[in-house]
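Chemist: I'm passing along start.txt; it holds compact mmCIF, C-alpha atoms.
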# COMPACT_ATOMS: atom_id res chain seq x y z
CA MET A 1 -72.37 33.84 -10.83
CA ARG A 2 -73.21 30.34 -9.81
CA GLY A 3 -72.98 29.14 -13.40
CA SER A 4 -69.64 30.85 -13.88
CA ALA A 5 -68.21 29.34 -10.71
CA PHE A 6 -69.55 25.92 -11.72
CA VAL A 7 -67.72 26.10 -15.07
CA THR A 8 -64.41 27.39 -13.66
CA LEU A 9 -63.95 24.64 -11.07
CA PRO A 10 -63.99 21.68 -13.49
CA ARG A 11 -61.51 23.44 -15.78
CA SER A 12 -59.07 23.92 -12.91
CA SER A 13 -59.49 20.29 -11.87
CA ALA A 14 -58.85 19.13 -15.43
CA ARG A 15 -55.63 21.12 -15.62
CA LEU A 16 -54.49 19.66 -12.31
CA ARG A 17 -55.19 16.14 -13.51
CA ARG A 18 -53.30 16.73 -16.75
CA ALA A 19 -50.29 18.10 -14.83
CA THR A 20 -50.32 15.13 -12.48
CA ILE A 21 -50.30 12.46 -15.20
CA PRO A 22 -46.63 12.97 -16.28
CA VAL A 23 -45.49 12.91 -12.64
CA VAL A 24 -47.34 9.65 -11.99
CA LEU A 25 -46.00 8.15 -15.21
CA CYS A 26 -42.45 9.20 -14.32
CA PHE A 27 -42.76 7.73 -10.85
CA GLY A 28 -44.20 4.54 -12.32
CA MET A 29 -41.35 4.21 -14.77
CA THR A 30 -38.80 4.66 -11.98
CA VAL A 31 -40.42 1.92 -9.91
CA ALA A 32 -40.61 -0.34 -12.97
CA LEU A 33 -36.95 0.18 -13.80
CA THR A 34 -35.90 -0.59 -10.24
CA ALA A 35 -38.10 -3.67 -10.17
CA CYS A 36 -36.68 -4.85 -13.48
CA GLY A 37 -33.10 -4.70 -12.22
CA GLY A 38 -32.25 -1.04 -12.87
CA GLU A 39 -30.12 -0.89 -9.71
CA GLU A 40 -27.87 2.00 -8.78
CA ASP A 41 -24.74 2.21 -10.93
CA PRO A 42 -21.88 0.72 -8.84
CA ASP A 43 -19.45 3.05 -10.60
CA ALA A 44 -21.41 6.20 -9.81
CA GLY A 45 -19.14 8.70 -8.07
CA THR A 46 -16.00 6.63 -8.71
CA ASN A 47 -12.93 7.26 -10.86
CA GLY A 48 -14.39 4.93 -13.50
CA VAL A 49 -11.69 2.25 -13.53
CA GLY A 50 -14.24 -0.34 -12.44
CA LYS A 51 -15.64 -0.25 -15.96
CA LEU A 52 -12.29 -1.23 -17.50
CA SER A 53 -11.08 -4.74 -18.20
CA ALA A 54 -8.99 -6.48 -15.53
CA ALA A 55 -5.83 -5.85 -17.55
CA GLY A 56 -6.83 -2.22 -17.98
CA ILE A 57 -7.32 -1.76 -14.25
CA GLU A 58 -3.96 -3.38 -13.50
CA LYS A 59 -2.23 -1.10 -16.00
CA LYS A 60 -3.84 2.00 -14.49
CA ALA A 61 -2.78 0.93 -11.00
CA LYS A 62 0.82 0.30 -12.01
CA THR A 63 1.04 3.64 -13.81
CA ALA A 64 -0.35 5.43 -10.76
CA ALA A 65 2.12 3.66 -8.47
CA GLU A 66 5.09 4.51 -10.66
CA SER A 67 4.04 8.16 -10.85
CA ALA A 68 3.55 8.64 -7.10
CA ASP A 69 6.27 10.50 -5.22
CA ALA A 70 5.94 8.41 -2.05
CA VAL A 71 4.16 5.46 -0.47
CA ARG A 72 3.94 3.61 2.82
CA LEU A 73 4.13 -0.18 2.61
CA SER A 74 3.29 -2.53 5.47
CA GLY A 75 2.61 -6.23 5.81
CA THR A 76 4.42 -9.49 5.16
CA VAL A 77 6.64 -10.78 2.38
CA VAL A 78 7.73 -14.40 2.09
CA THR A 79 10.92 -15.07 0.14
CA ASP A 80 13.25 -18.08 0.16
CA GLY A 81 11.15 -19.61 2.92
CA GLN A 82 11.69 -16.62 5.20
CA THR A 83 8.83 -14.35 6.29
CA TYR A 84 9.62 -10.67 6.68
CA LYS A 85 7.35 -8.07 8.24
CA LEU A 86 7.78 -4.69 6.61
CA ASN A 87 6.74 -1.22 7.65
CA MET A 88 8.48 1.13 5.25
CA SER A 89 7.96 4.66 3.96
CA LEU A 90 9.51 5.02 0.51
CA LYS A 91 10.28 7.73 -2.02
CA GLU A 92 12.81 8.26 -4.79
CA ALA A 93 15.44 9.81 -2.49
CA GLY A 94 15.36 6.87 -0.08
CA GLY A 95 13.30 5.21 2.59
CA THR A 96 12.91 4.57 6.29
CA GLY A 97 11.16 2.00 8.45
CA SER A 98 11.51 -1.41 10.03
CA VAL A 99 12.03 -4.99 8.90
CA SER A 100 11.63 -8.02 11.11
CA SER A 101 11.86 -11.79 10.77
CA LYS A 102 11.46 -14.72 13.12
CA ASP A 103 15.11 -15.70 12.96
CA GLY A 104 16.75 -12.32 12.37
CA GLY A 105 14.92 -10.16 14.87
CA THR A 106 13.88 -6.59 14.11
CA PHE A 107 16.01 -3.83 12.66
CA GLU A 108 15.44 -0.36 11.26
CA LEU A 109 16.66 0.83 7.90
CA LEU A 110 17.31 4.37 6.76
CA ARG A 111 18.56 5.29 3.31
CA VAL A 112 19.26 8.82 2.14
CA GLU A 113 20.32 8.69 -1.51
CA ASP A 114 23.18 6.13 -1.49
CA GLU A 115 23.91 6.25 2.24
CA LEU A 116 22.36 3.27 3.98
CA PHE A 117 22.10 2.83 7.76
CA LEU A 118 20.96 -0.11 9.89
CA LYS A 119 19.80 0.30 13.47
CA ALA A 120 19.16 -2.54 15.92
CA ASP A 121 19.51 -3.54 19.55
CA ALA A 122 22.47 -5.34 21.11
CA ASP A 123 20.76 -8.74 20.90
CA PHE A 124 20.50 -8.41 17.13
CA TRP A 125 24.23 -7.70 16.80
CA THR A 126 25.12 -10.51 19.21
CA HIS A 127 23.34 -12.98 16.91
CA ALA A 128 24.67 -11.32 13.77
CA ASP A 129 28.26 -12.13 14.68
CA GLY A 130 27.44 -15.84 14.46
CA LYS A 131 28.26 -16.57 18.09
CA GLY A 132 24.70 -16.55 19.47
CA ASP A 133 21.72 -18.78 18.81
CA GLY A 134 21.54 -19.79 15.17
CA GLY A 135 25.22 -19.05 14.69
CA SER A 136 28.11 -21.36 15.47
CA GLY A 137 26.46 -22.37 18.76
CA GLY A 138 27.14 -21.48 22.35
CA ALA A 139 26.86 -18.22 24.23
CA PRO A 140 28.62 -15.11 22.87
CA SER A 141 31.94 -14.20 24.44
CA LYS A 142 32.33 -11.22 26.73
CA ALA A 143 34.14 -9.33 23.97
CA ASP A 144 31.31 -10.05 21.54
CA SER A 145 28.73 -8.82 24.02
CA GLN A 146 30.70 -5.66 24.69
CA ALA A 147 31.04 -4.98 20.97
CA ALA A 148 27.31 -5.52 20.50
CA GLU A 149 26.55 -3.09 23.32
CA LYS A 150 28.46 -0.38 21.48
CA LEU A 151 26.20 -0.88 18.46
CA ASP A 152 23.01 -1.00 20.53
CA ASP A 153 20.41 1.45 19.18
CA LYS A 154 22.98 3.14 16.94
CA TYR A 155 22.80 3.77 13.21
CA VAL A 156 25.46 1.56 11.68
CA LYS A 157 26.51 2.68 8.22
CA VAL A 158 26.37 -0.16 5.69
CA PRO A 159 29.40 -0.01 3.36
CA GLU A 160 28.47 -0.06 -0.31
CA ASP A 161 30.90 -2.92 -1.00
CA ASP A 162 29.41 -5.06 1.77
CA PRO A 163 27.53 -8.13 0.42
CA ALA A 164 24.48 -7.09 2.47
CA TYR A 165 24.26 -3.60 0.98
CA ASP A 166 22.27 -4.44 -2.15
CA GLN A 167 19.88 -6.76 -0.31
CA LEU A 168 19.18 -4.26 2.46
CA ARG A 169 18.93 -1.35 0.03
CA GLY A 170 16.20 -3.25 -1.82
CA PHE A 171 13.90 -2.82 1.19
CA THR A 172 14.28 0.97 0.89
CA ASP A 173 14.05 1.35 -2.90
CA LYS A 174 10.54 2.32 -4.01
CA SER A 175 10.99 1.35 -7.66
CA VAL A 176 12.72 -1.98 -6.98
CA LEU A 177 10.32 -3.01 -4.25
CA LEU A 178 7.14 -2.12 -6.13
CA ASP A 179 8.37 -3.70 -9.38
CA GLY A 180 8.86 -6.95 -7.52
CA LEU A 181 5.56 -6.82 -5.65
CA LEU A 182 2.94 -5.47 -8.05
CA GLY A 183 3.10 -8.28 -10.61
CA LEU A 184 0.21 -10.70 -10.95
CA HIS A 185 0.53 -14.10 -12.65
CA GLY A 186 -1.81 -15.91 -15.00
CA GLU A 187 -4.98 -14.79 -16.73
CA ARG A 188 -6.36 -11.56 -15.29
CA GLY A 189 -9.91 -11.37 -14.03
CA LYS A 190 -12.07 -8.86 -12.16
CA GLY A 191 -13.04 -9.83 -8.63
CA ASP A 192 -15.24 -8.42 -5.91
CA ARG A 193 -15.61 -4.84 -4.80
CA ALA A 194 -14.55 -4.11 -1.25
CA GLU A 195 -13.33 -1.36 1.07
CA ILE A 196 -9.74 -0.88 2.23
CA GLY A 197 -9.36 1.71 4.96
CA GLY A 198 -12.78 3.11 4.13
CA VAL A 199 -11.93 3.52 0.43
CA ARG A 200 -13.94 1.64 -2.19
CA THR A 201 -11.86 -0.76 -4.27
CA ILE A 202 -12.13 -3.32 -7.03
CA THR A 203 -10.07 -6.49 -7.08
CA VAL A 204 -7.97 -7.73 -9.98
CA ASN A 205 -7.00 -11.42 -9.74
CA GLY A 206 -4.35 -13.49 -11.44
CA SER A 207 -5.53 -17.04 -12.24
CA GLY A 208 -8.60 -16.62 -10.06
CA GLY A 209 -6.49 -15.49 -7.12
CA ALA A 210 -3.86 -18.24 -7.28
CA GLY A 211 -1.63 -15.82 -9.19
CA GLY A 212 -2.11 -13.06 -6.65
CA SER A 213 -4.64 -10.26 -6.27
CA MET A 214 -4.64 -6.49 -6.16
CA ASN A 215 -7.24 -4.16 -4.67
CA VAL A 216 -7.32 -0.91 -6.67
CA SER A 217 -8.89 2.31 -5.44
CA LEU A 218 -12.17 3.38 -7.05
CA GLU A 219 -11.79 6.83 -5.54
CA GLY A 220 -9.44 9.50 -6.84
CA THR A 221 -6.22 8.18 -8.34
CA PRO A 222 -6.45 4.39 -8.92
CA TYR A 223 -3.62 3.41 -6.60
CA PRO A 224 -3.17 -0.22 -5.53
CA LEU A 225 -4.19 -0.35 -1.85
CA GLN A 226 -3.67 -4.00 -1.00
CA LEU A 227 -1.71 -6.88 -2.51
CA ALA A 228 -1.98 -10.60 -1.89
CA ARG A 229 1.06 -12.21 -3.48
CA ALA A 230 0.88 -15.42 -5.48
CA GLY A 231 1.56 -18.67 -3.65
CA ASP A 232 0.70 -17.21 -0.23
CA ALA A 233 3.90 -15.18 -0.41
CA GLY A 234 2.57 -12.39 1.77
CA THR A 235 -0.04 -9.66 2.00
CA LEU A 236 0.76 -5.97 1.89
CA THR A 237 -1.15 -2.75 2.45
CA LEU A 238 -0.09 0.35 0.52
CA SER A 239 -1.10 3.75 1.84
CA ALA A 240 -0.08 7.42 2.09
CA TRP A 241 0.40 7.55 -1.69
CA GLY A 242 2.05 10.83 -2.71
CA LYS A 243 2.45 12.03 0.89
CA ASP A 244 5.96 13.27 1.57
CA PHE A 245 7.82 12.43 4.77
CA PRO A 246 11.07 13.69 6.34
CA LEU A 247 14.25 11.91 5.31
CA LYS A 248 17.51 12.97 6.93
CA ALA A 249 20.80 11.23 7.61
CA PRO A 250 21.43 10.62 11.34
CA ALA A 251 23.74 12.89 13.29
CA LYS A 252 27.34 11.77 13.76
CA GLY A 253 26.72 11.14 17.44
CA GLU A 254 24.06 8.59 16.52
CA THR A 255 26.18 6.79 13.93
CA VAL A 256 28.82 4.06 14.16
CA ASP A 257 31.14 3.20 11.29
CA TYR A 258 31.74 -0.53 11.71
CA GLY A 259 34.33 -0.71 8.97
CA SER A 260 34.47 -2.18 5.50
CA THR A 261 31.96 -4.97 6.24
CA LEU A 262 29.16 -5.67 8.66
CA PRO A 263 29.02 -8.72 10.94
CA SER A 264 27.69 -11.59 8.84
CA ALA A 265 24.16 -12.81 9.61
Now that the file is in, can you turn its structure into structure tokens?

Modeler:
Amino acid sequence: MRGSAFVTLPRSSARLRRATIPVVLCFGMTVALTACGGEEDPDAGTNGVGKLSAAGIEKKAKTAAESADAVRLSGTVVTDGQTYKLNMSLKEAGGTGSVSSKDGGTFELLRVEDELFLKADADFWTHADGKGDGGSGGAPSKADSQAAEKLDDKYVKVPEDDPAYDQLRGFTDKSVLLDGLLGLHGERGKGDRAEIGGVRTITVNGSGGAGGSMNVSLEGTPYPLQLARAGDAGTLTLSAWGKDFPLKAPAKGETVDYGSTLPSA
């Protein structure tokens, strides 16, 4: 019995040692790989666009943007020396939101198909008639102030033949606005990875950033989430991609028909 037990124990120990060797080797290889630079794959768990070329990422982002039913756009745009702050929700049927500038004040825009409405306070309309500050000089007349009060906080329908119609409509047109904003300039290059609103992104630069930059989502659909326009022409955040929002023309009691043209600004 003693001899039998003596023989059995070493055999069991030998089997245990043989089983342990592969585990130790595997562990050793893992440590060696990590030590030799085998870091975690930065694209693990992503949509894979980070592995594409800069031009490939940009193309994917533009395609995703064009295919989306809706988007929310907020931030600043500089054009013709004027800085505008935008906060717009856009889709194919129209858009709604606010636009503001240092000289022009703040106004709301609402477009449902081809019907375009502008909503602002009385001070905005007082300056728009050219009689207030920045206009022809001097204080507005009593009649001007009274007219502006009637437009205060009302939706004023913008006539389609008014010179301002096309310009104002552009702020509410998803296709037009994105086509003008998503373009980068110069040679494309891949930049840093970052997070926008808690979502992992990869940056695509034009001319090292001088030609603008675009942060593209590495999660889900590769939508552009942030844009820095070339020449310091503004920075925009794009969110709520594909999320619908209500869009309805204002009631007649909330609307004023100013006539064939709006006051010039």

Chemist: Would you mind listing what lies within 10 Å of region 222-228 of chain A as number ranges by chain, with only C-alpha atoms counted and same-chain residues fewer than 3 positions away left out?

Modeler: A: 46-50, 57-68, 73-77, 181-184, 195-197, 199-205, 209-219, 231-241

Chemist: Out of A:Phe117, A:Phe245, A:Phe171, A:Tyr165, which residue has the shortest atom-to-atom distance to Asn87 (chain A) when counting only C-alpha atoms?

Modeler: A:Phe171

Chemist: Quick one: pull the distance between CA of Tyr84 (chain A) and CA of Lys248 (chain A), Å, one decimal.

Modeler: 24.9 Å

Chemist: Could you please determine the separation between CA of Gly95 (chain A) and CA of Ala147 (chain A) in Å, to one decimal place?

Modeler: 27.5 Å

Chemist: Could the residues of region 99-210 of chain A that have an atom at most 9 Å from region 249-258 of chain A be listed as CSV, each with its closest atom pair and the distance in Å to one decimal, counting all atoms listed in the file and ordered by chain and ascending residue number?

Modeler:
residue,atom,partner,partner_atom,distance
A:Leu110,CA,A:Ala249,CA,7.7
A:Arg111,CA,A:Ala249,CA,7.7
A:Val112,CA,A:Ala249,CA,6.2
A:Glu115,CA,A:Ala249,CA,8.0
A:Leu116,CA,A:Ala249,CA,8.9
A:Phe117,CA,A:Thr255,CA,8.4
A:Lys150,CA,A:Val256,CA,8.6
A:Leu151,CA,A:Val256,CA,7.1
A:Asp153,CA,A:Glu254,CA,8.4
A:Lys154,CA,A:Glu254,CA,5.6
A:Tyr155,CA,A:Thr255,CA,4.6
A:Val156,CA,A:Val256,CA,4.9
A:Lys157,CA,A:Asp257,CA,5.6
A:Val158,CA,A:Tyr258,CA,8.1
A:Pro159,CA,A:Tyr258,CA,8.7

Chemist: Using all atoms listed in the file, can you list as a list in words the residues within 8 Å of (13.3, 6.3, 3.9)?

Modeler: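 Looking at atoms near the point gives Met88, Ser89, Leu90, Lys91, Ala93, Gly94, Gly95, Thr96, Gly97, Leu109, Leu110, Arg111, Val112, Thr172 and Leu247 of chain A.
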
Chemist: Return the padded bounding box of region 105-116 of chain A as AutoDock Vina command-line options: axis-aligned, built from all atoms listed in the file, 6 Å added on each side, with centre and edge lengths in Å to one decimal.

Modeler:
--center_x 18.9 --center_y -0.7 --center_z 6.7 --size_x 22.0 --size_y 31.0 --size_z 28.4
